[in-house]
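To start, the structure itself, in structure tokens.
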Amino acid sequence: MGNINHVGHNDRPDIAGEHPLGDIVQLIVFIIFIIIWVADSFVFKFSLYLQDIIPLGMRWAIGLLKIASGFLLARNGLREVFGDIREKPIVIESGPFKYCRNPVYFGVILMYLGFVITTASLISAILFILIATFYHYISRYEEKLLLEKFGDEYKNYMNRVPMMIPRFSKINRKLYISALLLFHALFFTLILKIRIFILIGYLLYFVAFIYLLQGFMLYRKIKK
């Protein structure tokens, strides 16, 4: 959802249009996902094989973090779009729209991912891929409307800001990769405790240290 209007918000001429079936389809998709996720995770337990590998605490910690961060991102995006009444439609580039063009949809995708991670439901994971594909499609559709509405102004915005996944600065990218590698290294060495994975884990520790060192050197270079 990037700079768009909801069906039922026709009293807001300052906001551009959206997919005519976007809201109802999103609601149907959410209901279907919740039914399948609950049924597989807590009732029938058809595809919970990964629960034997990934500890409960780790799954819920990561999953809840994804859900919370996705909720905050989506809420802030909606606040930017609908919070203020403007004189005329504009390309919104404030708040989370500085970092990605569709923060609301990206936040919703993160929340779905969080639910999948909490219970490690493989059926829900397959459904999540379909849902993410749907949000990619609807984002593309709505951005065509925005291009028709704003022309070069929105095209320039598209060239500067990514569709969903924010771009990191060089320093943040190094730190992010380092943290990701450290997480996997800890998982391989402390959780799996299988010789081949322990060796891979130690290799990841080394690579993570290199990225962390590069990030620190970039930071010092910028400060100078």
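Just remember, in the structure tokens the first chain shown is A, the second B, etc., residues are 1-based per chain, and ligands are 1-based in the order shown.
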
Within 10 Å of Ser124 (chain A), counting only C-alpha atoms, which residues show up once you throw out same-chain ones fewer than 4 positions away? Write them as a VMD selection string, please.
chain A and resid 33 to 41 47 to 48 112 to 113 115 to 117 119 to 120 128 to 130

Next, dump the selected residues to file, keeping only N, CA and C atoms, as an mmCIF file, in the first residue's frame.
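Result written to result-v6.cif:
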data_model
loop_
_atom_site.group_PDB
_atom_site.id
_atom_site.type_symbol
_atom_site.label_atom_id
_atom_site.label_comp_id
_atom_site.auth_asym_id
_atom_site.auth_seq_id
_atom_site.Cartn_x
_atom_site.Cartn_y
_atom_site.Cartn_z
ATOM 1 N N PHE A 33 -6.037 -17.834 5.937
ATOM 2 C CA PHE A 33 -4.732 -18.116 6.554
ATOM 3 C C PHE A 33 -4.890 -18.488 8.022
ATOM 4 N N ILE A 34 -5.674 -17.706 8.769
ATOM 5 C CA ILE A 34 -5.841 -17.970 10.196
ATOM 6 C C ILE A 34 -6.462 -19.343 10.427
ATOM 7 N N ILE A 35 -7.459 -19.699 9.622
ATOM 8 C CA ILE A 35 -8.101 -21.013 9.777
ATOM 9 C C ILE A 35 -7.087 -22.130 9.540
ATOM 10 N N ILE A 36 -6.309 -22.033 8.455
ATOM 11 C CA ILE A 36 -5.331 -23.068 8.122
ATOM 12 C C ILE A 36 -4.208 -23.097 9.156
ATOM 13 N N TRP A 37 -3.737 -21.914 9.569
ATOM 14 C CA TRP A 37 -2.637 -21.845 10.542
ATOM 15 C C TRP A 37 -3.052 -22.467 11.874
ATOM 16 N N VAL A 38 -4.231 -22.125 12.363
ATOM 17 C CA VAL A 38 -4.710 -22.681 13.632
ATOM 18 C C VAL A 38 -4.940 -24.189 13.506
ATOM 19 N N ALA A 39 -5.558 -24.613 12.400
ATOM 20 C CA ALA A 39 -5.867 -26.031 12.211
ATOM 21 C C ALA A 39 -4.594 -26.871 12.172
ATOM 22 N N ASP A 40 -3.588 -26.405 11.450
ATOM 23 C CA ASP A 40 -2.352 -27.180 11.335
ATOM 24 C C ASP A 40 -1.487 -27.071 12.582
ATOM 25 N N SER A 41 -1.459 -25.882 13.198
ATOM 26 C CA SER A 41 -0.556 -25.650 14.325
ATOM 27 C C SER A 41 -1.055 -26.261 15.631
ATOM 28 N N SER A 47 1.928 -30.692 9.493
ATOM 29 C CA SER A 47 3.225 -30.327 8.900
ATOM 30 C C SER A 47 4.128 -29.576 9.870
ATOM 31 N N LEU A 48 4.238 -30.086 11.077
ATOM 32 C CA LEU A 48 5.035 -29.403 12.101
ATOM 33 C C LEU A 48 6.379 -30.093 12.339
ATOM 34 N N TYR A 112 2.391 -11.946 8.733
ATOM 35 C CA TYR A 112 2.117 -13.321 8.278
ATOM 36 C C TYR A 112 3.338 -14.212 8.511
ATOM 37 N N LEU A 113 4.518 -13.690 8.169
ATOM 38 C CA LEU A 113 5.749 -14.462 8.360
ATOM 39 C C LEU A 113 5.954 -14.799 9.830
ATOM 40 N N PHE A 115 3.663 -15.301 12.124
ATOM 41 C CA PHE A 115 2.777 -16.408 12.494
ATOM 42 C C PHE A 115 3.338 -17.744 12.010
ATOM 43 N N VAL A 116 3.873 -17.763 10.806
ATOM 44 C CA VAL A 116 4.454 -18.999 10.262
ATOM 45 C C VAL A 116 5.619 -19.473 11.125
ATOM 46 N N ILE A 117 6.479 -18.537 11.523
ATOM 47 C CA ILE A 117 7.678 -18.890 12.293
ATOM 48 C C ILE A 117 7.316 -19.416 13.682
ATOM 49 N N THR A 119 4.993 -21.299 14.864
ATOM 50 C CA THR A 119 4.639 -22.715 14.973
ATOM 51 C C THR A 119 5.344 -23.594 13.935
ATOM 52 N N ALA A 120 6.134 -22.978 13.043
ATOM 53 C CA ALA A 120 6.873 -23.727 12.013
ATOM 54 C C ALA A 120 5.957 -24.622 11.188
ATOM 55 N N PHE A 128 1.872 -18.737 2.912
ATOM 56 C CA PHE A 128 2.529 -17.434 3.054
ATOM 57 C C PHE A 128 3.171 -16.992 1.739
ATOM 58 N N ILE A 129 3.788 -17.929 1.025
ATOM 59 C CA ILE A 129 4.404 -17.593 -0.268
ATOM 60 C C ILE A 129 3.347 -17.077 -1.240
ATOM 61 N N LEU A 130 2.185 -17.718 -1.246
ATOM 62 C CA LEU A 130 1.096 -17.270 -2.113
ATOM 63 C C LEU A 130 0.598 -15.886 -1.694
#

- Message: Neighbouring residues of region 94-97 of chain A were defined as those with any atom within 12 Å, considering only C-alpha atoms; residues of the same chain fewer than 4 positions away were excluded. Please report them as a ChimeraX atom specification.
- Response: /A:1-4,70,72-81,83,90,101-107,157-158,160-166

Notebook entry, point to check: Leaving out region 209-221 of chain A and any residue of its chain fewer than 5 positions from it, which residues lie within 10 Å of it when counting only C-alpha atoms, given as a PyMOL selection string?
Noted result: chain A and resi 170-179+181-182+203-204

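Using only C-alpha atoms, the residues found no farther than 9 Å from Tyr202 (chain A), other than those of its own chain fewer than 3 positions away, are Ala185, Leu186, Phe188, Thr189, Phe197, Ile198, Leu199, Tyr205, Phe206 and Val207 of chain A.
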
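Reported to one decimal place, the separation of CA of Lys144 (chain A) from CA of His19 (chain A) is 10.3 Å.
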
| task | Enumerate, as a PyMOL selection string, the complete set of residues in chain A that a backbone-based DSSP assignment places in alpha helix (DSSP H). | result | chain A and resi 22-38+56-82+103-119+122-150+152-160+170-186+195-223

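The nearest approach to Gly63 (chain A) among the residues A:Ile196, A:Leu110, A:Ala208, A:Val43, with only C-alpha atoms taken into account, belongs to A:Leu110.
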
Pairwise distance, CA of Met111 (chain A) with CA of Phe71 (chain A), equals 6.6 Å

### Task
May I have the residues within 12 Å of Ile54 (chain A) as a VMD selection string, using only C-alpha atoms and disregarding those fewer than 5 positions away in the same chain?
chain A and resid 48 to 49 59 to 62 117 to 121 184 187 to 188 190 to 192

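Taking CA of Cys100 (chain A) as the reference point, CA of Ile24 (chain A) is found at 24.0 Å.
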